[in-house]
file query39.txt (compact mmCIF, C-alpha atoms and all ligand atoms)
# COMPACT_ATOMS: atom_id res chain seq x y z
CA MET A 1 0.00 0.00 0.00
CA ARG A 2 1.20 3.49 -0.77
CA ILE A 3 2.05 5.66 2.21
CA ASN A 4 -0.16 8.72 2.72
CA LEU A 5 2.19 11.65 3.29
CA ARG A 6 -0.53 13.43 5.30
CA ASP A 7 0.30 11.04 8.13
CA LEU A 8 3.80 12.51 8.49
CA THR A 9 5.10 15.39 10.59
CA LEU A 10 7.57 17.80 8.98
CA GLU A 11 10.53 15.92 10.45
CA GLU A 12 9.17 12.60 9.19
CA LEU A 13 8.60 14.07 5.73
CA GLU A 14 12.18 15.30 5.63
CA GLU A 15 13.41 11.86 6.65
CA PHE A 16 11.19 10.24 4.06
CA MET A 17 12.71 12.41 1.35
CA THR A 18 16.31 11.88 2.45
CA GLY A 19 15.51 8.16 2.54
CA LEU A 20 14.72 8.47 -1.16
CA GLY A 21 18.07 10.16 -1.73
CA GLU A 22 16.47 13.60 -2.06
CA PRO A 23 17.43 16.72 -0.12
CA ALA A 24 15.48 17.34 3.12
CA TYR A 25 14.06 20.63 1.82
CA ARG A 26 11.87 18.65 -0.59
CA GLY A 27 10.06 17.45 2.52
CA ARG A 28 9.50 21.05 3.59
CA GLN A 29 8.12 21.91 0.15
CA ILE A 30 5.63 19.06 0.30
CA PHE A 31 4.69 19.96 3.89
CA ARG A 32 3.66 23.42 2.69
CA TRP A 33 1.67 22.05 -0.26
CA LEU A 34 -0.25 19.82 2.09
CA THR A 35 -1.71 22.84 3.88
CA ARG A 36 -3.65 23.84 0.73
CA PRO A 37 -7.21 22.55 0.48
CA GLU A 38 -7.11 21.99 -3.29
CA VAL A 39 -4.08 19.67 -3.30
CA GLU A 40 -5.04 16.04 -3.88
CA ASP A 41 -2.11 14.71 -5.88
CA PHE A 42 1.52 15.45 -6.67
CA SER A 43 0.92 16.93 -10.14
CA VAL A 44 0.18 20.41 -8.73
CA MET A 45 3.45 20.56 -6.77
CA THR A 46 5.16 22.55 -9.47
CA ASP A 47 8.29 23.35 -7.50
CA LEU A 48 9.22 19.65 -7.46
CA PRO A 49 10.95 18.20 -10.54
CA LYS A 50 8.56 16.30 -12.81
CA SER A 51 10.53 13.09 -12.42
CA LEU A 52 10.28 13.29 -8.63
CA ARG A 53 6.52 13.88 -8.82
CA ALA A 54 6.17 10.79 -10.99
CA ARG A 55 8.30 8.73 -8.64
CA LEU A 56 6.29 9.90 -5.61
CA SER A 57 2.97 9.01 -7.25
CA GLY A 58 4.19 5.43 -7.50
CA ILE A 59 5.00 5.04 -3.80
CA ALA A 60 2.94 7.63 -1.95
CA THR A 61 -0.38 9.46 -1.96
CA VAL A 62 -1.75 12.72 -0.56
CA ALA A 63 -5.38 11.64 -0.90
CA LEU A 64 -8.04 13.33 1.23
CA PRO A 65 -11.25 11.86 2.61
CA GLN A 66 -14.33 12.72 0.59
CA LEU A 67 -16.77 15.37 1.75
CA VAL A 68 -20.07 13.48 1.54
CA GLU A 69 -22.35 15.51 3.76
CA ARG A 70 -22.83 19.24 4.32
CA LYS A 71 -25.59 20.26 6.69
CA LEU A 72 -26.13 23.90 7.48
CA SER A 73 -27.89 24.98 10.67
CA THR A 74 -30.09 28.04 10.93
CA ASP A 75 -27.46 29.49 13.30
CA GLY A 76 -24.70 29.16 10.68
CA THR A 77 -23.11 26.02 12.13
CA ALA A 78 -22.12 23.46 9.51
CA LYS A 79 -21.81 19.73 10.03
CA LEU A 80 -19.49 18.06 7.56
CA GLY A 81 -19.44 14.32 6.93
CA LEU A 82 -16.23 12.76 5.67
CA ARG A 83 -16.04 9.37 4.02
CA LEU A 84 -12.73 7.66 4.79
CA SER A 85 -10.87 5.33 2.45
CA ASP A 86 -12.40 2.21 4.06
CA GLY A 87 -15.98 3.54 3.83
CA GLU A 88 -16.30 4.68 7.46
CA VAL A 89 -17.77 8.13 7.99
CA VAL A 90 -16.83 10.73 10.60
CA GLU A 91 -18.20 14.18 11.23
CA CYS A 92 -16.71 17.51 12.14
CA VAL A 93 -18.48 20.74 12.97
CA LEU A 94 -17.64 24.24 11.80
CA ILE A 95 -18.86 26.85 14.27
CA PRO A 96 -19.08 30.55 13.39
CA GLU A 97 -17.93 33.03 16.05
CA ARG A 98 -17.93 36.82 15.83
CA ASP A 99 -14.54 37.22 14.16
CA HIS A 100 -13.43 33.66 13.42
CA PHE A 101 -14.49 30.05 12.98
CA THR A 102 -13.90 27.19 15.37
CA LEU A 103 -13.65 23.63 14.10
CA CYS A 104 -14.74 20.74 16.29
CA VAL A 105 -12.51 17.85 15.23
CA SER A 106 -13.07 14.08 15.55
CA THR A 107 -10.30 11.64 16.48
CA GLN A 108 -12.03 8.23 16.30
CA VAL A 109 -14.87 6.54 14.49
CA GLY A 110 -17.17 6.00 17.47
CA CYS A 111 -15.82 5.86 21.00
CA ALA A 112 -15.06 3.07 23.45
CA MET A 113 -15.73 5.09 26.62
CA GLY A 114 -19.48 4.50 26.72
CA CYS A 115 -20.55 7.64 28.58
CA ARG A 116 -24.27 7.28 29.21
CA PHE A 117 -25.30 10.71 27.93
CA CYS A 118 -23.37 10.63 24.65
CA LEU A 119 -24.59 9.40 21.28
CA THR A 120 -21.07 8.72 20.01
CA GLY A 121 -20.55 6.57 23.09
CA ARG A 122 -23.66 4.56 22.30
CA MET A 123 -22.40 3.86 18.82
CA GLY A 124 -19.41 2.00 20.26
CA PHE A 125 -15.84 2.01 19.00
CA ARG A 126 -15.04 1.33 15.36
CA ARG A 127 -11.48 2.53 14.89
CA ASN A 128 -8.91 5.25 15.47
CA LEU A 129 -8.46 7.95 12.87
CA SER A 130 -5.04 8.19 11.27
CA THR A 131 -3.03 11.38 11.69
CA GLY A 132 -3.85 12.35 8.11
CA GLU A 133 -7.56 11.77 8.67
CA ILE A 134 -7.48 14.08 11.69
CA VAL A 135 -5.58 16.82 9.84
CA SER A 136 -7.76 16.47 6.72
CA GLN A 137 -10.82 17.69 8.63
CA VAL A 138 -9.19 21.13 8.76
CA LEU A 139 -8.54 21.10 5.01
CA LEU A 140 -12.03 19.97 4.10
CA ALA A 141 -13.52 22.57 6.45
CA ARG A 142 -11.44 25.27 4.74
CA HIS A 143 -12.46 23.94 1.36
CA PHE A 144 -16.09 24.13 2.45
CA MET A 145 -15.60 27.72 3.72
CA GLU A 146 -14.21 28.74 0.35
CA GLU A 147 -16.89 27.07 -1.74
CA SER A 148 -19.64 28.58 0.44
CA GLY A 149 -18.17 32.07 0.33
CA ILE A 150 -17.70 32.33 4.08
CA ALA A 151 -13.92 32.42 4.15
CA ASP A 152 -13.90 36.10 5.14
CA ARG A 153 -13.40 35.08 8.76
CA PRO A 154 -10.42 32.82 9.45
CA LEU A 155 -10.60 29.30 10.85
CA ARG A 156 -8.66 30.12 13.99
CA ASN A 157 -9.59 27.74 16.81
CA LEU A 158 -9.54 23.96 16.97
CA VAL A 159 -11.36 21.95 19.61
CA PHE A 160 -10.87 18.19 19.75
CA MET A 161 -14.42 17.62 20.95
CA GLY A 162 -15.90 15.72 18.02
CA MET A 163 -16.34 11.97 17.82
CA GLY A 164 -14.07 9.88 19.98
CA GLU A 165 -11.75 10.21 22.96
CA PRO A 166 -8.67 12.07 21.65
CA LEU A 167 -6.30 10.73 24.31
CA ALA A 168 -7.29 7.13 23.49
CA ASN A 169 -5.75 7.81 20.07
CA TYR A 170 -2.70 9.44 21.60
CA ARG A 171 0.03 8.82 18.99
CA HIS A 172 -2.00 10.01 16.03
CA LEU A 173 -3.41 12.93 18.03
CA VAL A 174 0.02 14.25 19.02
CA LYS A 175 1.33 13.96 15.47
CA ALA A 176 -1.74 15.83 14.21
CA LEU A 177 -1.17 18.54 16.84
CA LYS A 178 2.45 18.89 15.74
CA ILE A 179 1.42 19.22 12.10
CA LEU A 180 -1.43 21.65 12.74
CA THR A 181 0.56 24.00 14.97
CA HIS A 182 3.80 23.99 12.98
CA PRO A 183 4.85 27.55 12.01
CA GLN A 184 5.90 26.36 8.55
CA GLY A 185 2.52 24.71 7.96
CA PHE A 186 -0.98 25.38 9.28
CA HIS A 187 0.36 27.41 12.18
CA PHE A 188 -2.60 27.14 14.56
CA ALA A 189 -1.81 28.66 17.96
CA ARG A 190 -1.31 26.07 20.68
CA LYS A 191 -3.37 28.15 23.12
CA ARG A 192 -6.24 28.12 20.62
CA THR A 193 -6.06 24.37 20.14
CA THR A 194 -7.99 22.50 22.82
CA VAL A 195 -7.99 18.78 23.55
CA SER A 196 -11.02 17.58 25.50
CA THR A 197 -10.72 14.36 27.46
CA VAL A 198 -12.90 12.21 29.66
CA GLY A 199 -9.86 11.99 31.97
CA LEU A 200 -7.30 9.41 30.84
CA VAL A 201 -4.67 10.25 33.43
CA PRO A 202 -1.48 8.70 31.99
CA GLN A 203 -2.16 10.34 28.63
CA ILE A 204 -2.91 13.74 30.23
CA ARG A 205 0.50 13.49 31.88
CA ALA A 206 2.13 12.35 28.66
CA LEU A 207 0.60 15.27 26.73
CA ALA A 208 1.82 17.65 29.44
CA GLU A 209 5.37 16.39 28.85
CA GLU A 210 5.35 15.95 25.12
CA PHE A 211 3.18 18.61 23.54
CA PRO A 212 0.97 20.66 25.85
CA VAL A 213 -1.94 22.49 24.25
CA ALA A 214 -5.06 23.88 25.91
CA LEU A 215 -6.85 21.22 27.95
CA ALA A 216 -10.53 20.58 28.67
CA ILE A 217 -11.68 17.93 31.14
CA SER A 218 -15.14 16.40 30.93
CA LEU A 219 -15.94 16.22 34.62
CA HIS A 220 -19.75 16.12 34.74
CA ALA A 221 -20.04 15.05 38.39
CA PRO A 222 -18.47 16.20 41.67
CA ASP A 223 -18.02 12.72 43.19
CA ASN A 224 -16.77 9.33 42.02
CA ASP A 225 -19.98 7.56 42.82
CA LEU A 226 -22.16 9.52 40.45
CA ARG A 227 -19.37 9.99 37.95
CA SER A 228 -18.79 6.23 37.60
CA ARG A 229 -22.44 5.79 36.76
CA LEU A 230 -22.25 8.39 34.01
CA ILE A 231 -18.69 7.75 32.83
CA PRO A 232 -17.44 4.18 33.25
CA ALA A 233 -13.80 5.31 32.82
CA THR A 234 -14.02 6.83 36.32
CA ARG A 235 -13.43 3.37 37.74
CA ARG A 236 -10.00 3.34 36.11
CA TYR A 237 -9.14 6.95 36.87
CA PRO A 238 -10.92 8.42 39.87
CA LEU A 239 -11.50 12.16 40.23
CA GLU A 240 -8.59 12.63 42.65
CA GLU A 241 -6.12 11.36 40.05
CA ILE A 242 -7.66 13.40 37.26
CA LEU A 243 -7.54 16.56 39.38
CA ALA A 244 -3.92 15.85 40.39
CA ALA A 245 -2.99 15.58 36.70
CA CYS A 246 -4.75 18.92 36.12
CA ARG A 247 -2.81 20.53 38.96
CA ASP A 248 0.44 19.41 37.31
CA TYR A 249 -0.58 20.41 33.79
CA PRO A 250 1.62 23.20 32.38
CA LEU A 251 -0.31 26.39 31.70
CA ARG A 252 0.87 29.66 30.23
CA ARG A 253 0.42 32.80 32.24
CA GLY A 254 -3.27 33.59 32.68
CA ALA A 255 -4.42 30.35 31.04
CA ARG A 256 -6.90 27.99 32.66
CA ILE A 257 -8.07 24.44 32.22
CA THR A 258 -11.66 24.16 30.99
CA VAL A 259 -13.89 21.96 33.12
CA GLU A 260 -16.84 20.73 31.08
CA TYR A 261 -19.99 19.86 32.97
CA VAL A 262 -23.02 18.51 31.12
CA LEU A 263 -26.11 19.42 33.12
CA LEU A 264 -28.55 16.50 33.39
CA SER A 265 -31.87 17.32 35.01
CA GLY A 266 -32.23 15.82 38.48
CA VAL A 267 -28.95 13.93 38.16
CA ASN A 268 -26.05 16.35 38.58
CA ASP A 269 -27.67 19.79 38.57
CA HIS A 270 -28.51 20.23 42.26
CA PRO A 271 -27.18 23.32 44.09
CA TRP A 272 -25.22 21.15 46.54
CA GLN A 273 -23.46 19.55 43.57
CA ALA A 274 -22.43 23.01 42.34
CA ARG A 275 -20.96 23.78 45.74
CA ARG A 276 -19.19 20.43 45.88
CA LEU A 277 -17.81 21.02 42.39
CA VAL A 278 -16.26 24.31 43.45
CA GLU A 279 -14.73 22.58 46.48
CA ILE A 280 -12.98 19.86 44.53
CA LEU A 281 -11.65 22.40 42.01
CA ARG A 282 -10.15 24.67 44.65
CA GLY A 283 -6.54 25.64 43.90
CA ILE A 284 -6.68 24.60 40.24
CA PRO A 285 -6.84 27.38 37.64
CA VAL A 286 -10.07 26.45 35.87
CA LYS A 287 -13.02 27.91 34.07
CA VAL A 288 -16.20 25.89 34.24
CA ASN A 289 -18.17 25.43 31.04
CA LEU A 290 -21.71 24.26 31.71
CA ILE A 291 -23.34 22.36 28.85
CA PRO A 292 -27.11 21.92 29.19
CA PHE A 293 -27.73 18.35 28.02
CA ASN A 294 -28.64 17.98 24.35
CA PRO A 295 -31.47 15.46 24.35
CA HIS A 296 -31.99 12.56 22.00
CA PRO A 297 -34.72 9.88 22.03
CA GLU A 298 -32.10 7.18 22.66
CA LEU A 299 -30.61 8.94 25.68
CA PRO A 300 -32.22 8.54 29.13
CA PHE A 301 -31.74 12.11 30.42
CA LYS A 302 -33.46 15.47 30.37
CA ARG A 303 -32.17 19.00 29.95
CA PRO A 304 -32.67 21.15 33.06
CA SER A 305 -34.77 24.30 32.90
CA GLU A 306 -33.02 27.57 32.16
CA SER A 307 -33.54 28.83 35.69
CA ARG A 308 -31.98 25.67 37.08
CA VAL A 309 -28.97 26.13 34.80
CA ARG A 310 -28.65 29.77 35.86
CA ARG A 311 -28.85 28.83 39.56
CA PHE A 312 -26.04 26.28 39.12
CA GLN A 313 -23.92 28.86 37.32
CA GLU A 314 -24.57 31.55 39.95
CA ILE A 315 -23.42 29.31 42.79
CA ILE A 316 -20.12 28.67 41.03
CA LEU A 317 -19.69 32.35 40.19
CA SER A 318 -20.44 33.38 43.76
CA GLU A 319 -17.46 31.29 44.87
CA GLY A 320 -15.22 33.31 42.58
CA VAL A 321 -14.84 30.66 39.88
CA VAL A 322 -15.43 31.58 36.23
CA ALA A 323 -18.47 29.74 34.85
CA THR A 324 -20.05 30.07 31.42
CA VAL A 325 -23.00 28.32 29.85
CA ARG A 326 -22.29 26.82 26.46
CA LYS A 327 -24.85 27.88 23.89
CA SER A 328 -25.40 24.75 21.90
CA LYS A 329 -25.06 25.42 18.23
CA GLY A 330 -26.25 23.26 15.38
CA LEU A 331 -28.91 21.50 17.44
CA ASP A 332 -31.31 21.36 14.48
CA ILE A 333 -28.82 19.41 12.35
CA GLY A 334 -27.53 17.06 15.03
CA ALA A 335 -24.21 18.89 15.28
CA ALA A 336 -24.31 19.93 18.94
CA CYS A 337 -22.16 18.35 21.68
CA GLY A 338 -22.77 14.65 21.99
CA GLN A 339 -24.96 14.45 18.90
CA LEU A 340 -22.35 13.25 16.45
CA ARG A 341 -22.83 9.81 15.10
CA ALA A 342 -22.06 8.66 11.62
CA GLU A 343 -25.44 7.84 10.18
CA LEU A 344 -24.03 7.38 6.71
CA SER A 345 -21.73 4.53 7.64
CA LEU A 346 -21.84 2.00 4.84
CA SER A 347 -20.28 -1.07 6.34
N1 LIG B 401 -14.31 12.37 24.30
C1 LIG B 401 -14.01 13.70 24.67
C2 LIG B 401 -14.31 14.71 23.60
C3 LIG B 401 -15.60 14.55 22.81
S1 LIG B 401 -17.12 14.85 23.63
C4 LIG B 401 -14.70 14.07 25.95
O1 LIG B 401 -15.59 13.35 26.39
O2 LIG B 401 -14.30 15.06 26.55
C5 LIG B 401 -17.23 16.63 23.77
C6 LIG B 401 -18.10 17.09 24.94
O3 LIG B 401 -19.49 16.86 24.67
C7 LIG B 401 -17.79 16.34 26.21
O4 LIG B 401 -17.64 17.24 27.28
C8 LIG B 401 -19.02 15.49 26.37
O5 LIG B 401 -19.20 15.10 27.68
C9 LIG B 401 -20.10 16.37 25.84
N2 LIG B 401 -21.36 15.66 25.56
C10 LIG B 401 -21.52 14.38 25.22
N3 LIG B 401 -22.83 14.08 25.05
C11 LIG B 401 -23.51 15.22 25.28
C12 LIG B 401 -24.91 15.57 25.25
N4 LIG B 401 -25.84 14.69 24.91
N5 LIG B 401 -25.25 16.84 25.56
C13 LIG B 401 -24.32 17.75 25.86
N6 LIG B 401 -23.00 17.49 25.89
C14 LIG B 401 -22.59 16.24 25.62
FE1 LIG B 402 -16.52 9.18 24.20
FE2 LIG B 402 -16.46 11.75 25.00
FE3 LIG B 402 -18.77 10.59 24.22
FE4 LIG B 402 -17.63 9.88 26.52
S1 LIG B 402 -18.45 11.90 26.01
S2 LIG B 402 -18.49 8.48 24.99
S3 LIG B 402 -15.47 10.00 26.00
S4 LIG B 402 -16.99 10.97 22.95
call {"tool": "encode", "arguments": {"input": "query39.txt", "output": "structure tokens"}}
result
Amino acid sequence: MRINLRDLTLEELEEFMTGLGEPAYRGRQIFRWLTRPEVEDFSVMTDLPKSLRARLSGIATVALPQLVERKLSTDGTAKLGLRLSDGEVVECVLIPERDHFTLCVSTQVGCAMGCRFCLTGRMGFRRNLSTGEIVSQVLLARHFMEESGIADRPLRNLVFMGMGEPLANYRHLVKALKILTHPQGFHFARKRTTVSTVGLVPQIRALAEEFPVALAISLHAPDNDLRSRLIPATRRYPLEEILAACRDYPLRRGARITVEYVLLSGVNDHPWQARRLVEILRGIPVKVNLIPFNPHPELPFKRPSESRVRRFQEIILSEGVVATVRKSKGLDIGAACGQLRAELSLS
């Protein structure tokens, strides 16, 4: 099988080229080409000798997944479906903000974590995405922005909050982060690139060492008892260990870890749970992001009333902790948090 060069970091591309007896700078040239949404084969890489392009086509590809679904929400959010080379489908979500776009990126087809309130979790785990498949979501989103005439605002922020648990696909995730933030390539800012995790402690610590970016933790409950019922992974990594890994996580000046908290009516939205949440977070630089549950007929929870959400938020705020309520976007097209599930999957 031909190697897909989108799976390689800049250093790996340079090595690949020197391995072919070519100078390393050929790798840098290709790396730059691969940041352009219209590039799908070597023929357009006009600064490479023709003979080299022909040779590369024989042993390598730069193929992209196919954009097979474009759903536009009334609020401007777009859900994009990508068909991968083996027929699997993943989704990513392009979210308009005032002066930029944010892309919500997937890292797996399905997810093995089985959180009770999440549709992706119900779908089960199919497979990890390759590095190239992760990076390609950015390219196809940019391609979509151009073809829809909305490229006036830049795609500036990346959140790894799509399908899958990013840290369960650690190797490919870190390579994708290296590619996407490289100054000679896509050049996304590390502080504007957020990895969201259900709390896989060894991988949080590994990311802290190897390639720290902004971190979001899906907490969703202030004690292990309730949390284990909602998130089975709690049995492997209890709250104390997750919070210790957060305490040790390197942050730039003024930066905070995002604590995500899905509000489930009558389950984790009681005032005492807000107070308990603040207690366990004490001493960690965090901002709490409350996500009112996005309902689905297959999911056994309810969204709390607005006043209940506001009460929960006010308790946290009154303790001096930053708390925001996430406005769910793309609800009407199944693009909001926890609603992603590949319905097009062929196999
Ligand atoms: N696996 C990672 C990232 C993907 S999920 C994680 O769990 O952090 C992104 C966010 O959506 C998580 O905080 C998740 O808990 C939340 N989420 C899942 N299902 C949801 C639902 N039905 N309503 C609202 N948020 C949900
Ligand atoms: Fe997986 Fe995150 Fe959904 Fe849990 S919430 S099942 S970790 S995608």
call {"tool": "closest_atom_pairs", "arguments": {"input": "query39.txt", "of": "chain A", "to": "ligand LIG 402 (chain B)", "cutoff": "6 Å", "atoms": "only C-alpha atoms and all ligand atoms", "output": "CSV"}}
result
residue,atom,partner,partner_atom,distance
A:Cys111,CA,B:LIG402,FE1,4.7
A:Met113,CA,B:LIG402,S2,4.7
A:Gly114,CA,B:LIG402,S2,4.5
A:Cys115,CA,B:LIG402,FE4,4.2
A:Cys118,CA,B:LIG402,FE3,4.6
A:Thr120,CA,B:LIG402,FE3,5.1
A:Gly121,CA,B:LIG402,S2,3.4
A:Met163,CA,B:LIG402,S4,5.3
A:Gly164,CA,B:LIG402,S4,4.3
A:Glu165,CA,B:LIG402,S3,4.8
A:Val198,CA,B:LIG402,S3,5.0
call {"tool": "write_last_selection", "arguments": {"input": "query39.txt", "atoms": "C-alpha atoms", "output": "PDB file, in the frame of the given file"}}
result
ATOM      1  CA  CYS A 111     -15.820   5.860  21.000  1.00  0.00           C
ATOM      2  CA  MET A 113     -15.730   5.090  26.620  1.00  0.00           C
ATOM      3  CA  GLY A 114     -19.480   4.500  26.720  1.00  0.00           C
ATOM      4  CA  CYS A 115     -20.550   7.640  28.580  1.00  0.00           C
ATOM      5  CA  CYS A 118     -23.370  10.630  24.650  1.00  0.00           C
ATOM      6  CA  THR A 120     -21.070   8.720  20.010  1.00  0.00           C
ATOM      7  CA  GLY A 121     -20.550   6.570  23.090  1.00  0.00           C
ATOM      8  CA  MET A 163     -16.340  11.970  17.820  1.00  0.00           C
ATOM      9  CA  GLY A 164     -14.070   9.880  19.980  1.00  0.00           C
ATOM     10  CA  GLU A 165     -11.750  10.210  22.960  1.00  0.00           C
ATOM     11  CA  VAL A 198     -12.900  12.210  29.660  1.00  0.00           C
TER      12      VAL A 198
END
call {"tool": "closest_residue", "arguments": {"input": "query39.txt", "among": "A:Tyr261, A:Phe16, A:Phe293, A:Phe144", "to": "Ala323 of chain A", "atoms": "all atoms listed in the file"}}
result
A:Tyr261
call {"tool": "residues_around", "arguments": {"input": "query39.txt", "residues": "segment 61-68 of chain A", "least_positions_apart": "4", "cutoff": "9 Å", "atoms": "all atoms listed in the file", "output": "ChimeraX atom specification"}}
result
/A:2-6,34,39-42,56-57,80-85,89,132-133,136-137,139-140,144,344
call {"tool": "residues_near_ligand", "arguments": {"input": "query39.txt", "ligand": "ligand LIG 401 (chain B)", "cutoff": "8 Å", "atoms": "all atoms listed in the file", "output": "count of residues only"}}
result
40
call {"tool": "closest_residue", "arguments": {"input": "query39.txt", "among": "A:Asp75, A:Asp7, A:Asp47, A:Glu12", "to": "Ile333 of chain A", "atoms": "all atoms listed in the file"}}
result
A:Asp75
call {"tool": "closest_residue", "arguments": {"input": "query39.txt", "among": "A:Leu8, A:Val105, A:Leu251, A:Ala60", "to": "Thr131 of chain A", "atoms": "only C-alpha atoms"}}
result
A:Leu8
call {"tool": "closest_residue", "arguments": {"input": "query39.txt", "among": "A:Leu264, A:Ala78, A:Val138, A:Leu340", "to": "Gly110 of chain A", "atoms": "all atoms listed in the file"}}
result
A:Leu340
call {"tool": "closest_atom_pairs", "arguments": {"input": "query39.txt", "of": "segment 214-265 of chain A", "to": "segment 170-194 of chain A", "cutoff": "10 Å", "atoms": "only C-alpha atoms", "output": "tab-separated table"}}
result
residue	atom	partner	partner_atom	distance
A:Ala214	CA	A:Thr194	CA	4.5
A:Leu215	CA	A:Thr194	CA	5.4
A:Ala216	CA	A:Thr194	CA	6.7
A:Leu251	CA	A:Lys191	CA	9.3
A:Arg252	CA	A:Lys191	CA	8.4
A:Ala255	CA	A:Lys191	CA	8.3
A:Ile257	CA	A:Thr194	CA	9.6
A:Thr258	CA	A:Thr194	CA	9.1
call {"tool": "closest_residue", "arguments": {"input": "query39.txt", "among": "A:Leu103, A:Val90, A:Ala274, A:Leu52", "to": "Leu129 of chain A", "atoms": "all atoms listed in the file"}}
result
A:Val90
call {"tool": "closest_residue", "arguments": {"input": "query39.txt", "among": "A:Arg53, A:Arg28, A:Arg205, A:Lys79", "to": "Gly334 of chain A", "atoms": "all atoms listed in the file"}}
result
A:Lys79
call {"tool": "atom_distance", "arguments": {"input": "query39.txt", "atom1": "atom CA of Phe31 of chain A", "atom2": "atom CA of Leu10 of chain A"}}
result
6.2 Å
call {"tool": "atom_distance", "arguments": {"input": "query39.txt", "atom1": "atom CA of Arg122 of chain A", "atom2": "atom CA of Leu158 of chain A"}}
result
24.6 Å
call {"tool": "residues_around", "arguments": {"input": "query39.txt", "residues": "Ala24 of chain A", "least_positions_apart": "4", "cutoff": "9 Å", "atoms": "all atoms listed in the file", "output": "list in words"}}
result
Glu11, Leu13, Glu14, Glu15, Phe16, Met17, Thr18 and Arg28 of chain A
call {"tool": "residues_near_point", "arguments": {"input": "query39.txt", "point": "(-18.9, 30.0, 30.2)", "cutoff": "9 Å", "atoms": "all atoms listed in the file", "output": "PyMOL selection string"}}
result
chain A and resi 287-291+313+322-327
call {"tool": "atom_distance", "arguments": {"input": "query39.txt", "atom1": "atom CA of Arg55 of chain A", "atom2": "atom CA of Glu22 of chain A"}}
result
11.6 Å
call {"tool": "residues_around", "arguments": {"input": "query39.txt", "residues": "Ala208 of chain A", "least_positions_apart": "3", "cutoff": "8 Å", "atoms": "only C-alpha atoms", "output": "ChimeraX atom specification"}}
result
/A:204-205,211-212,249-250
